[in-house]
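Coordinates as given in run_38.cif (mmCIF, C-alpha atoms and all ligand atoms):
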data_data
loop_
_atom_site.label_atom_id
_atom_site.label_comp_id
_atom_site.auth_asym_id
_atom_site.auth_seq_id
_atom_site.Cartn_x
_atom_site.Cartn_y
_atom_site.Cartn_z
CA MET S 7 41.83 -64.22 -195.64
CA PRO S 8 38.73 -64.62 -193.51
CA THR S 9 35.54 -63.48 -195.12
CA ASP S 10 33.48 -60.72 -193.56
CA HIS S 11 31.52 -61.82 -190.51
CA ALA S 12 33.36 -65.13 -190.42
CA ALA S 13 33.93 -66.38 -186.89
CA ALA S 14 37.35 -64.94 -186.24
CA LEU S 15 38.23 -66.92 -183.16
CA PRO S 16 36.75 -70.29 -182.18
CA GLY S 17 33.81 -69.94 -179.79
CA HIS S 18 33.74 -66.10 -179.84
CA PRO S 19 30.39 -65.12 -181.39
CA PHE S 20 30.81 -61.41 -180.65
CA PHE S 21 34.19 -61.00 -182.38
CA HIS S 22 34.06 -60.98 -186.17
CA TYR S 23 35.83 -59.61 -189.26
CA GLN S 24 34.26 -56.70 -191.03
CA ASP S 25 35.94 -54.89 -193.93
CA GLY S 26 39.13 -56.80 -193.25
CA THR S 27 39.36 -55.81 -189.59
CA LEU S 28 38.55 -57.68 -186.42
CA PHE S 29 35.70 -56.13 -184.42
CA ALA S 30 34.34 -56.62 -180.91
CA GLU S 31 30.60 -56.03 -181.40
CA ALA S 32 30.58 -52.75 -183.40
CA VAL S 33 34.03 -51.51 -182.35
CA ALA S 34 37.12 -52.01 -184.56
CA LEU S 35 39.97 -53.45 -182.52
CA THR S 36 42.46 -51.38 -184.55
CA GLU S 37 40.93 -48.26 -183.01
CA LEU S 38 41.18 -49.60 -179.49
CA ALA S 39 44.81 -50.68 -179.96
CA GLN S 40 45.67 -47.29 -181.43
CA GLN S 41 43.91 -45.32 -178.71
CA HIS S 42 44.84 -47.38 -175.67
CA GLY S 43 48.05 -49.20 -176.62
CA THR S 44 48.92 -52.88 -176.15
CA PRO S 45 48.83 -55.34 -174.46
CA LEU S 46 45.12 -54.60 -174.11
CA PHE S 47 42.28 -56.78 -172.86
CA VAL S 48 38.98 -56.18 -174.66
CA TYR S 49 35.73 -57.69 -173.38
CA SER S 50 32.31 -57.78 -175.04
CA GLN S 51 29.32 -57.08 -172.80
CA ALA S 52 27.00 -58.85 -175.27
CA ALA S 53 29.16 -61.96 -174.92
CA LEU S 54 28.85 -61.83 -171.12
CA ALA S 55 25.07 -61.50 -171.40
CA HIS S 56 24.94 -64.32 -173.97
CA ALA S 57 26.92 -66.70 -171.74
CA LEU S 58 24.71 -65.91 -168.75
CA ASP S 59 21.58 -66.40 -170.85
CA ALA S 60 22.80 -69.87 -171.89
CA TYR S 61 22.59 -70.93 -168.24
CA GLN S 62 19.29 -69.19 -167.61
CA GLN S 63 17.70 -71.13 -170.48
CA GLY S 64 18.21 -74.34 -168.51
CA PHE S 65 16.73 -72.84 -165.35
CA ALA S 66 13.23 -71.82 -166.43
CA GLY S 67 10.82 -72.44 -163.55
CA ARG S 68 13.61 -73.67 -161.25
CA ASN S 69 14.98 -72.30 -158.01
CA VAL S 70 18.60 -71.56 -158.92
CA GLY S 71 21.20 -69.07 -157.75
CA ILE S 72 24.03 -68.27 -160.17
CA HIS S 73 27.13 -67.35 -158.16
CA TYR S 74 29.79 -66.03 -160.55
CA ALA S 75 33.25 -67.32 -159.54
CA VAL S 76 35.12 -64.05 -159.08
CA LYS S 77 38.61 -65.46 -159.53
CA ALA S 78 38.01 -66.01 -163.26
CA ASN S 79 37.92 -62.25 -163.86
CA SER S 80 37.63 -59.90 -160.92
CA ASN S 81 37.44 -56.51 -162.65
CA LEU S 82 34.94 -54.29 -160.80
CA SER S 83 32.95 -53.47 -163.94
CA ILE S 84 32.60 -57.15 -164.81
CA LEU S 85 31.43 -57.85 -161.25
CA GLN S 86 29.01 -54.93 -161.42
CA PHE S 87 27.57 -56.29 -164.66
CA PHE S 88 26.88 -59.67 -163.06
CA ALA S 89 25.47 -58.06 -159.90
CA GLU S 90 23.07 -56.01 -162.04
CA GLN S 91 21.96 -59.19 -163.80
CA GLY S 92 20.95 -60.63 -160.43
CA CYS S 93 23.92 -62.95 -159.96
CA GLY S 94 25.49 -63.79 -156.63
CA PHE S 95 29.20 -64.46 -156.24
CA ASP S 96 31.58 -67.25 -155.29
CA ILE S 97 34.65 -65.78 -153.59
CA VAL S 98 37.90 -67.30 -152.32
CA SER S 99 39.46 -64.44 -150.31
CA ALA S 100 38.76 -61.28 -148.30
CA GLY S 101 40.02 -59.30 -151.28
CA GLU S 102 37.35 -60.83 -153.50
CA LEU S 103 34.71 -60.13 -150.84
CA LEU S 104 35.68 -56.45 -150.72
CA ARG S 105 35.62 -56.34 -154.53
CA VAL S 106 32.08 -57.74 -154.86
CA LEU S 107 30.79 -55.40 -152.14
CA GLN S 108 32.42 -52.49 -153.97
CA ALA S 109 30.67 -53.65 -157.14
CA GLY S 110 27.25 -53.56 -155.45
CA ALA S 111 26.67 -57.19 -154.45
CA THR S 112 24.38 -57.90 -151.51
CA PRO S 113 26.33 -59.80 -148.83
CA ALA S 114 23.70 -62.55 -148.65
CA SER S 115 24.39 -63.40 -152.30
CA VAL S 116 28.00 -64.34 -151.53
CA VAL S 117 29.35 -67.85 -150.93
CA PHE S 118 32.92 -68.22 -149.66
CA SER S 119 34.98 -71.17 -150.97
CA GLY S 120 38.61 -72.13 -150.47
CA VAL S 121 40.72 -74.54 -148.40
CA GLY S 122 42.70 -71.92 -146.50
CA LYS S 123 40.40 -69.26 -145.10
CA THR S 124 42.20 -67.27 -142.40
CA ARG S 125 40.59 -66.24 -139.10
CA ALA S 126 40.70 -62.62 -140.25
CA GLU S 127 38.87 -63.53 -143.46
CA MET S 128 36.24 -65.45 -141.49
CA GLN S 129 35.69 -62.47 -139.17
CA LEU S 130 35.25 -60.07 -142.08
CA ALA S 131 32.83 -62.42 -143.83
CA LEU S 132 30.83 -63.01 -140.61
CA ARG S 133 30.55 -59.29 -139.89
CA THR S 134 29.53 -58.64 -143.49
CA GLY S 135 26.80 -61.29 -143.29
CA ILE S 136 27.66 -63.46 -146.28
CA GLY S 137 25.21 -66.12 -147.46
CA CYS S 138 27.32 -69.23 -146.89
CA PHE S 139 30.78 -70.50 -145.96
CA ASN S 140 31.69 -73.47 -148.13
CA VAL S 141 33.77 -75.35 -145.55
CA GLU S 142 36.46 -77.71 -146.84
CA SER S 143 37.75 -79.56 -143.75
CA GLU S 144 36.96 -80.59 -140.19
CA ALA S 145 39.72 -78.33 -138.90
CA GLU S 146 38.13 -75.36 -140.66
CA LEU S 147 34.73 -76.20 -139.11
CA ALA S 148 36.23 -75.95 -135.63
CA VAL S 149 37.98 -72.64 -136.30
CA LEU S 150 34.89 -71.12 -137.92
CA ASN S 151 32.77 -72.19 -134.94
CA GLU S 152 35.28 -70.51 -132.63
CA GLU S 153 35.38 -67.24 -134.59
CA ALA S 154 31.57 -67.15 -134.94
CA GLY S 155 31.28 -67.67 -131.17
CA LYS S 156 33.60 -64.74 -130.48
CA LEU S 157 31.41 -62.49 -132.62
CA GLN S 158 28.16 -64.08 -131.43
CA ILE S 159 27.09 -64.52 -135.08
CA ARG S 160 25.94 -67.91 -136.29
CA ALA S 161 27.85 -68.91 -139.40
CA PRO S 162 25.80 -70.32 -142.29
CA ILE S 163 27.75 -73.24 -143.72
CA SER S 164 27.81 -75.80 -146.47
CA LEU S 165 30.24 -78.70 -146.61
CA ARG S 166 32.31 -79.11 -149.72
CA VAL S 167 32.31 -82.78 -150.49
CA ASN S 168 34.86 -84.43 -152.71
CA PRO S 169 32.78 -86.83 -154.82
CA ASP S 170 35.82 -88.63 -156.28
CA VAL S 171 34.68 -88.09 -159.87
CA ASP S 172 37.24 -87.80 -162.65
CA PRO S 173 36.47 -84.65 -164.67
CA GLN S 174 39.06 -85.67 -167.31
CA THR S 175 40.68 -82.31 -167.43
CA HIS S 176 44.21 -80.99 -166.77
CA PRO S 177 45.57 -82.34 -163.44
CA TYR S 178 46.17 -78.80 -162.13
CA ILE S 179 42.50 -77.87 -162.60
CA SER S 180 40.99 -81.17 -161.51
CA THR S 181 39.70 -80.81 -157.96
CA GLY S 182 37.21 -83.60 -157.28
CA LEU S 183 39.53 -86.60 -157.11
CA LYS S 184 40.58 -88.34 -153.89
CA ASN S 185 44.17 -87.24 -154.08
CA ASN S 186 43.75 -83.51 -154.17
CA LYS S 187 43.52 -80.93 -151.45
CA PHE S 188 39.90 -79.90 -151.94
CA GLY S 189 36.81 -80.91 -150.01
CA ILE S 190 35.85 -83.58 -147.51
CA PRO S 191 36.10 -87.21 -148.69
CA HIS S 192 32.70 -88.62 -149.66
CA GLU S 193 33.00 -91.47 -147.12
CA ARG S 194 33.55 -89.07 -144.23
CA ALA S 195 30.98 -86.50 -145.24
CA LEU S 196 28.01 -87.82 -143.24
CA GLN S 197 30.03 -87.92 -140.04
CA VAL S 198 31.32 -84.38 -140.63
CA PHE S 199 27.76 -83.11 -141.25
CA GLN S 200 26.80 -84.54 -137.85
CA GLN S 201 29.78 -82.85 -136.23
CA ALA S 202 28.85 -79.55 -137.87
CA ALA S 203 25.22 -79.80 -136.78
CA ALA S 204 26.36 -80.24 -133.19
CA LEU S 205 28.54 -77.09 -133.13
CA PRO S 206 26.65 -74.21 -131.48
CA TRP S 207 27.81 -71.37 -133.73
CA LEU S 208 27.28 -73.08 -137.06
CA GLU S 209 24.07 -73.40 -139.02
CA VAL S 210 24.15 -76.13 -141.65
CA ARG S 211 22.59 -74.74 -144.84
CA GLY S 212 23.82 -76.87 -147.72
CA ILE S 213 26.16 -79.21 -149.48
CA ASP S 214 28.54 -78.31 -152.29
CA CYS S 215 31.11 -79.70 -154.65
CA HIS S 216 33.33 -78.38 -157.43
CA ILE S 217 35.05 -81.13 -159.34
CA GLY S 218 37.38 -79.20 -161.63
CA SER S 219 37.56 -76.73 -164.46
CA GLN S 220 37.39 -76.77 -168.28
CA ILE S 221 35.21 -79.90 -168.13
CA LEU S 222 34.11 -80.92 -171.62
CA SER S 223 31.55 -83.69 -171.07
CA GLU S 224 28.26 -83.98 -169.21
CA ARG S 225 29.11 -87.26 -167.50
CA PRO S 226 31.26 -85.92 -164.64
CA PHE S 227 28.59 -83.32 -163.73
CA LEU S 228 25.83 -85.95 -163.68
CA ASP S 229 27.98 -88.40 -161.70
CA ALA S 230 28.86 -85.74 -159.15
CA LEU S 231 25.19 -84.77 -158.82
CA ASP S 232 24.28 -88.40 -158.20
CA LYS S 233 26.85 -88.67 -155.45
CA LEU S 234 25.71 -85.40 -153.88
CA LEU S 235 22.08 -86.54 -153.91
CA ASP S 236 23.06 -89.83 -152.24
CA LEU S 237 24.59 -87.74 -149.47
CA VAL S 238 21.65 -85.35 -149.26
CA ALA S 239 19.41 -88.36 -148.62
CA ALA S 240 21.75 -89.76 -145.96
CA VAL S 241 22.22 -86.40 -144.22
CA GLU S 242 18.50 -85.66 -144.14
CA ARG S 243 17.77 -89.15 -142.78
CA CYS S 244 19.85 -88.04 -139.78
CA GLY S 245 17.54 -85.09 -139.26
CA ILE S 246 19.79 -82.42 -140.77
CA ALA S 247 17.80 -80.41 -143.33
CA LEU S 248 19.68 -78.99 -146.32
CA HIS S 249 18.46 -75.71 -147.76
CA HIS S 250 20.53 -75.84 -150.95
CA ILE S 251 22.64 -78.03 -153.20
CA ASP S 252 25.61 -76.23 -154.76
CA CYS S 253 27.06 -77.97 -157.82
CA GLY S 254 30.07 -75.65 -158.25
CA GLY S 255 31.42 -74.48 -161.59
CA GLY S 256 33.77 -76.05 -164.07
CA LEU S 257 31.97 -76.04 -167.43
CA GLY S 258 34.53 -75.80 -170.22
CA ILE S 259 34.74 -73.46 -173.20
CA GLN S 260 36.01 -73.74 -176.76
CA TYR S 261 39.65 -72.64 -176.97
CA GLN S 262 40.39 -74.55 -180.18
CA THR S 263 38.28 -77.46 -181.41
CA GLU S 264 36.66 -78.52 -178.14
CA VAL S 265 32.90 -78.97 -178.11
CA PRO S 266 31.76 -78.26 -174.55
CA PRO S 267 28.21 -79.06 -173.42
CA GLN S 268 25.75 -76.17 -173.78
CA ALA S 269 24.99 -74.79 -170.34
CA GLY S 270 21.20 -74.84 -170.83
CA ALA S 271 21.11 -78.36 -172.24
CA LEU S 272 23.41 -79.65 -169.50
CA TRP S 273 21.19 -78.17 -166.82
CA GLN S 274 18.03 -79.56 -168.36
CA LYS S 275 19.64 -82.99 -167.97
CA MET S 276 20.81 -82.20 -164.44
CA PHE S 277 17.27 -81.24 -163.47
CA ALA S 278 15.77 -84.30 -165.19
CA HIS S 279 18.12 -86.28 -162.97
CA ALA S 280 17.17 -84.33 -159.85
CA ASP S 281 13.45 -84.69 -160.72
CA ALA S 282 13.81 -88.45 -161.10
CA ARG S 283 15.23 -88.63 -157.61
CA GLY S 284 12.69 -86.27 -156.09
CA TYR S 285 14.97 -83.25 -155.61
CA GLY S 286 13.88 -81.10 -158.57
CA ASP S 287 12.20 -78.49 -156.37
CA ARG S 288 15.24 -77.95 -154.18
CA ARG S 289 17.27 -74.74 -154.32
CA PHE S 290 20.34 -75.29 -156.49
CA LEU S 291 23.39 -73.05 -156.67
CA ILE S 292 26.05 -73.00 -159.36
CA GLU S 293 29.44 -71.28 -159.38
CA PRO S 294 30.45 -70.78 -163.03
CA GLY S 295 33.55 -68.74 -163.83
CA ARG S 296 35.32 -69.56 -167.09
CA SER S 297 32.12 -70.35 -169.02
CA LEU S 298 30.69 -66.88 -168.27
CA VAL S 299 33.71 -64.75 -169.17
CA GLY S 300 36.35 -66.82 -171.03
CA ASN S 301 35.21 -66.25 -174.60
CA ALA S 302 33.95 -62.74 -173.88
CA GLY S 303 37.49 -61.39 -174.07
CA VAL S 304 40.61 -61.16 -176.23
CA CYS S 305 44.05 -59.74 -175.54
CA LEU S 306 45.46 -57.46 -178.22
CA THR S 307 49.21 -57.54 -178.68
CA GLU S 308 51.67 -55.98 -181.14
CA VAL S 309 54.25 -57.94 -183.09
CA LEU S 310 57.63 -56.51 -182.07
CA TYR S 311 60.03 -58.68 -184.06
CA LEU S 312 60.09 -61.67 -186.37
CA LYS S 313 63.09 -63.84 -185.63
CA PRO S 314 63.82 -66.61 -188.11
CA GLY S 315 65.71 -69.64 -186.77
CA GLU S 316 67.06 -72.90 -188.09
CA ASP S 317 64.36 -75.14 -186.61
CA LYS S 318 61.87 -72.60 -185.42
CA HIS S 319 60.74 -69.13 -186.32
CA PHE S 320 59.73 -66.82 -183.51
CA CYS S 321 57.10 -64.10 -183.54
CA ILE S 322 57.97 -61.87 -180.58
CA VAL S 323 55.01 -59.88 -179.25
CA ASP S 324 54.52 -57.31 -176.49
CA ALA S 325 52.20 -59.48 -174.35
CA ALA S 326 53.83 -62.12 -172.17
CA MET S 327 53.34 -64.78 -169.51
CA ASN S 328 52.76 -62.06 -166.92
CA ASP S 329 49.65 -60.99 -168.91
CA LEU S 330 48.56 -64.42 -170.21
CA PRO S 331 49.88 -67.02 -167.75
CA ARG S 332 47.87 -70.05 -168.90
CA PRO S 333 50.22 -71.39 -171.60
CA ALA S 334 53.18 -71.26 -169.18
CA MET S 335 51.14 -72.76 -166.30
CA TYR S 336 49.12 -75.47 -168.02
CA GLU S 337 50.50 -75.54 -171.57
CA ALA S 338 47.09 -74.18 -172.46
CA PHE S 339 46.08 -73.36 -176.03
CA HIS S 340 44.80 -69.90 -176.94
CA ALA S 341 43.78 -69.14 -180.53
CA ILE S 342 45.77 -66.28 -182.09
CA SER S 343 44.40 -64.30 -185.05
CA PRO S 344 45.61 -61.17 -186.83
CA VAL S 345 43.52 -58.05 -186.19
CA VAL S 346 43.98 -57.06 -189.86
CA PRO S 347 44.70 -60.18 -191.91
CA ARG S 348 47.32 -59.56 -194.62
CA ALA S 349 47.18 -60.63 -198.21
CA GLY S 350 50.54 -60.97 -199.94
CA THR S 351 52.67 -61.81 -196.88
CA PRO S 352 53.75 -65.46 -196.88
CA VAL S 353 52.29 -67.68 -194.18
CA THR S 354 55.02 -68.89 -191.82
CA THR S 355 54.87 -71.22 -188.83
CA TYR S 356 55.89 -69.34 -185.70
CA ASP S 357 56.15 -69.84 -182.00
CA VAL S 358 54.47 -66.72 -180.62
CA VAL S 359 56.48 -65.64 -177.58
CA GLY S 360 56.67 -62.72 -175.16
CA PRO S 361 59.62 -60.60 -174.00
CA VAL S 362 59.93 -62.20 -170.53
CA CYS S 363 63.25 -63.88 -169.74
CA GLU S 364 61.88 -67.44 -169.39
CA SER S 365 61.69 -70.18 -172.01
CA GLY S 366 58.22 -70.88 -170.61
CA ASP S 367 57.13 -67.46 -171.86
CA TRP S 368 55.21 -68.50 -174.93
CA LEU S 369 51.62 -67.74 -175.98
CA GLY S 370 51.23 -70.17 -178.86
CA ARG S 371 53.33 -72.82 -180.57
CA ASP S 372 53.56 -73.69 -184.26
CA ARG S 373 51.06 -71.10 -185.45
CA ALA S 374 50.64 -70.41 -189.14
CA LEU S 375 50.58 -66.63 -189.46
CA ALA S 376 51.07 -64.06 -192.21
CA VAL S 377 52.44 -61.19 -190.14
CA GLN S 378 54.97 -58.39 -190.10
CA ALA S 379 56.46 -56.37 -187.25
CA GLY S 380 53.99 -53.70 -186.15
CA ASP S 381 50.91 -55.87 -186.80
CA TRP S 382 48.39 -56.51 -184.06
CA LEU S 383 47.30 -59.99 -183.02
CA ALA S 384 44.28 -60.96 -180.95
CA VAL S 385 44.79 -63.76 -178.42
CA GLY S 386 41.45 -65.52 -177.91
CA SER S 387 39.65 -66.82 -174.80
CA ALA S 388 41.39 -64.16 -172.72
CA GLY S 389 38.39 -63.27 -170.56
CA ALA S 390 39.01 -65.89 -167.88
CA TYR S 391 42.10 -66.62 -165.77
CA CYS S 392 44.28 -64.13 -167.64
CA MET S 393 44.06 -60.60 -166.21
CA SER S 394 43.05 -62.03 -162.82
CA MET S 395 46.32 -64.02 -162.80
CA ALA S 396 48.47 -61.23 -164.24
CA SER S 397 51.63 -60.18 -162.41
CA ASN S 398 54.41 -57.61 -162.62
CA TYR S 399 57.09 -60.19 -163.41
CA ASN S 400 60.04 -58.57 -165.18
CA SER S 401 58.67 -55.25 -163.82
CA ARG S 402 56.09 -55.15 -166.56
CA PRO S 403 53.10 -52.96 -165.69
CA ARG S 404 49.77 -54.73 -165.91
CA ALA S 405 47.69 -54.19 -169.05
CA ALA S 406 44.60 -52.01 -169.49
CA GLU S 407 41.09 -53.45 -169.89
CA ILE S 408 38.24 -52.23 -172.08
CA LEU S 409 34.55 -53.17 -171.99
CA VAL S 410 32.74 -52.88 -175.33
CA HIS S 411 28.98 -52.42 -175.48
CA GLY S 412 27.58 -52.06 -179.01
CA SER S 413 29.47 -49.22 -180.64
CA GLU S 414 30.59 -47.80 -177.27
CA HIS S 415 33.58 -48.71 -175.20
CA ARG S 416 34.98 -47.70 -171.84
CA VAL S 417 38.24 -48.21 -170.01
CA ILE S 418 37.48 -50.44 -167.03
CA ARG S 419 41.09 -50.60 -165.88
CA GLN S 420 43.80 -48.11 -166.70
CA ARG S 421 47.18 -49.35 -167.78
CA GLU S 422 49.33 -49.58 -164.67
CA SER S 423 51.98 -46.86 -164.44
CA PHE S 424 55.54 -47.26 -163.21
CA ALA S 425 54.66 -45.11 -160.19
CA GLN S 426 51.74 -47.42 -159.28
CA MET S 427 53.94 -50.46 -159.70
CA ILE S 428 56.48 -49.27 -157.09
CA GLU S 429 54.03 -47.36 -154.89
CA THR S 430 54.20 -49.74 -151.90
CA GLU S 431 57.96 -50.33 -151.97
CA ARG S 432 60.74 -48.63 -150.05
C1 LIG L 501 37.42 -71.87 -159.48
C2 LIG L 501 36.16 -72.28 -158.84
C3 LIG L 501 34.96 -72.16 -159.53
C4 LIG L 501 34.86 -71.68 -160.96
O1 LIG L 501 35.41 -72.63 -161.84
P1 LIG L 501 35.26 -72.44 -163.44
O2 LIG L 501 35.96 -73.61 -163.99
O3 LIG L 501 35.92 -71.16 -163.77
O4 LIG L 501 33.80 -72.43 -163.75
C5 LIG L 501 33.79 -72.49 -158.86
N1 LIG L 501 33.83 -72.95 -157.56
C6 LIG L 501 34.98 -73.09 -156.89
C7 LIG L 501 34.95 -73.59 -155.50
C8 LIG L 501 36.18 -72.77 -157.50
O5 LIG L 501 37.32 -72.92 -156.83
#

Rewrite the structure from the file as structure tokens, please.
Ligand SMILES: *Cc1c(COP(=O)(O)O)cnc(C)c1O
Amino acid sequence: MPTDHAAALPGHPFFHYQDGTLFAEAVALTELAQQHGTPLFVYSQAALAHALDAYQQGFAGRNVGIHYAVKANSNLSILQFFAEQGCGFDIVSAGELLRVLQAGATPASVVFSGVGKTRAEMQLALRTGIGCFNVESEAELAVLNEEAGKLQIRAPISLRVNPDVDPQTHPYISTGLKNNKFGIPHERALQVFQQAAALPWLEVRGIDCHIGSQILSERPFLDALDKLLDLVAAVERCGIALHHIDCGGGLGIQYQTEVPPQAGALWQKMFAHADARGYGDRRFLIEPGRSLVGNAGVCLTEVLYLKPGEDKHFCIVDAAMNDLPRPAMYEAFHAISPVVPRAGTPVTTYDVVGPVCESGDWLGRDRALAVQAGDWLAVGSAGAYCMSMASNYNSRPRAAEILVHGSEHRVIRQRESFAQMIETER
């Protein structure tokens, strides 16, 4: 049984055991599960602030914009928190743009990424006056120029360059290699910058890259920066001035035993690199998502049934792949801990699975747990790419979300009702 104040889940400093119960800050998770039901996402505001502070420590005296990547967790209260802390946003759709505006973001603090922006999305973003379009192809440049011309608004742009750096992460979340759909190949970038500079309704502002997600070493970030700086030099030699250098997101978090770089230490190295090449005074942007919210949240779930088998024992819980899609999508690992650890119940190795009718609907494999039906479990690292990817598959309403702050908590998303789920259908 974990001792009091022991780290309950790897990499979650604001979740701890106290008197035999798992807490988020000063709130017992038993109380939240009782009051609000399960599955239930619980986020710690102190953990959000802590993760943001880790970046800011590397930025002292530097000119940096932190643009939170909305797709990691797009709850309005989470967005509002980051807006209040002075963050900008990295969006990938009109829906995300409307969300950040609703949450109080200033349009100029928004950068718009993504390979498939529609004309309607471009028009909305142009009218809103966003800070920068991160353009991903030559075809997109032409369409954006056309739409900007129609509205007589010059579009601020950056070109997303594909630096061909291997981030050594899962193939589905690796985005900076030659063979994936993102960005403009490094070899073509200079030519495309010249094309962009010649288009009347575009204003070249910067260069960007984003090489992947859940990156666990410093090397790929430093290599990508080097390649970007090579291009900055080449582009500026052609007389095109770049206002900012956007290094994207992608820093990993601890799900299990990983040891990701510390954001502040990584950025001290990045700036040492930039200084050595004479770019230390430039404006830098970053677009972190997972590393700001991932370990600020858990998902509480109730054990419905224990099902012994010949080869495998199953622990069937009320959260499923529609709430926590990462294991099914990427075979991702999430730590799973009991909310109230039991003494006296034998430890058994279970596959923890949900009720959805798919064999891919599992949350954890081969987990040693001492549990009984009716117990609550906390699934770790549930702050990023969980609720924002949740669906209604199997006609399951989406879960509620809670934000804890000290000994207070508030519901930041109500549990979806059946009526809401079918509201738009006929
Ligand atoms: C997803 C994404 C991010 C955020 O990635 P994380 O791994 O969550 O930090 C940043 N920039 C772009 C362009 C993205 O697509």

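Residues within 8 Å of segment 326-339 of chain S, counting only C-alpha atoms and excluding same-chain residues fewer than 6 positions away, are Pro45, His176, Tyr178, Tyr261, Gln262, Val359, Gly360, Pro361, Val362, Gly366, Asp367, Trp368, Leu369, Gly370, Ala388, Tyr391, Cys392, Met393, Met395, Ala396, Ser397, Asn398, Tyr399, Arg402, Arg404 and Ala405 of chain S.
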
TODO: Using only C-alpha atoms, determine which residues lie at most 10 Å from Glu224 of chain S, disregarding the query and same-chain residues fewer than 2 positions distant; provide the list as a list in words.
DONE: Pro173, Ile221, Leu222, Pro226, Phe227, Leu228, Asp229, Leu257, Pro266, Pro267, Gln268, Ala269, Ala271, Leu272, Trp273, Lys275 and Met276 of chain S

Open item on the list: Counting only C-alpha atoms and all ligand atoms, what are the residues, protein, DNA or RNA alike, that approach ligand LIG 501 (chain L) to within 9 Å? I want them as a ChimeraX atom specification.
Closed with: /S:73-78,96-98,118-120,140,166,179,181,188,214-221,253-258,292-300,390-391

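Counting all atoms listed in the file, the residue from S:Leu38, S:Ala202, S:Val141, S:Leu235 that sits nearest to Met128 of chain S is S:Val141.
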
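Atom CA of Ala32 of chain S is positioned 5.4 Å from atom CA of Gly412 of chain S.
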
- [ ] Using all atoms listed in the file, determine which residues lie at most 6 Å from segment 301-309 of chain S, disregarding the query and same-chain residues fewer than 3 positions distant; provide the list as a ChimeraX atom specification.
- [x] /S:18,44-50,53-54,322-325,379-389

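For the residues S:Thr351, S:Ser365, S:Val241, S:Pro344, ranking by smallest atom-to-atom distance to His22 of chain S using all atoms listed in the file places S:Pro344 first.
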
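You will find atom CA of Pro403 of chain S at 12.6 Å from atom CA of Gly43 of chain S.
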
Task: Point-to-point distance from atom CA of Val238 of chain S to atom CA of Gly212 of chain S, Å rounded to tenths - done: 8.9 Å

Could you rebuild segment 103-112 of chain S with N, CA, C and O atoms and give it back as a CSV table (one decimal), keeping the file's coordinate frame?
chain,number,residue,atom,x,y,z
S,103,LEU,N,35.9,-60.6,-151.5
S,103,LEU,CA,34.7,-60.1,-150.8
S,103,LEU,C,34.6,-58.6,-150.9
S,103,LEU,O,33.5,-58.1,-151.3
S,104,LEU,N,35.7,-57.9,-150.7
S,104,LEU,CA,35.7,-56.4,-150.7
S,104,LEU,C,35.4,-56.0,-152.1
S,104,LEU,O,34.7,-55.0,-152.4
S,105,ARG,N,35.9,-56.7,-153.1
S,105,ARG,CA,35.6,-56.3,-154.5
S,105,ARG,C,34.1,-56.4,-154.8
S,105,ARG,O,33.5,-55.5,-155.4
S,106,VAL,N,33.5,-57.6,-154.5
S,106,VAL,CA,32.1,-57.7,-154.9
S,106,VAL,C,31.2,-56.7,-154.1
S,106,VAL,O,30.2,-56.2,-154.7
S,107,LEU,N,31.6,-56.4,-152.9
S,107,LEU,CA,30.8,-55.4,-152.1
S,107,LEU,C,30.9,-54.0,-152.8
S,107,LEU,O,29.9,-53.3,-153.0
S,108,GLN,N,32.2,-53.7,-153.2
S,108,GLN,CA,32.4,-52.5,-154.0
S,108,GLN,C,31.6,-52.4,-155.3
S,108,GLN,O,31.1,-51.4,-155.7
S,109,ALA,N,31.4,-53.6,-155.9
S,109,ALA,CA,30.7,-53.6,-157.1
S,109,ALA,C,29.2,-53.7,-156.9
S,109,ALA,O,28.4,-53.8,-157.9
S,110,GLY,N,28.7,-53.6,-155.7
S,110,GLY,CA,27.2,-53.6,-155.4
S,110,GLY,C,26.6,-54.9,-155.1
S,110,GLY,O,25.3,-54.9,-155.1
S,111,ALA,N,27.3,-55.9,-154.8
S,111,ALA,CA,26.7,-57.2,-154.4
S,111,ALA,C,26.0,-57.1,-153.1
S,111,ALA,O,26.5,-56.3,-152.2
S,112,THR,N,24.9,-57.8,-152.9
S,112,THR,CA,24.4,-57.9,-151.5
S,112,THR,C,25.1,-59.0,-150.8
S,112,THR,O,25.4,-60.1,-151.4
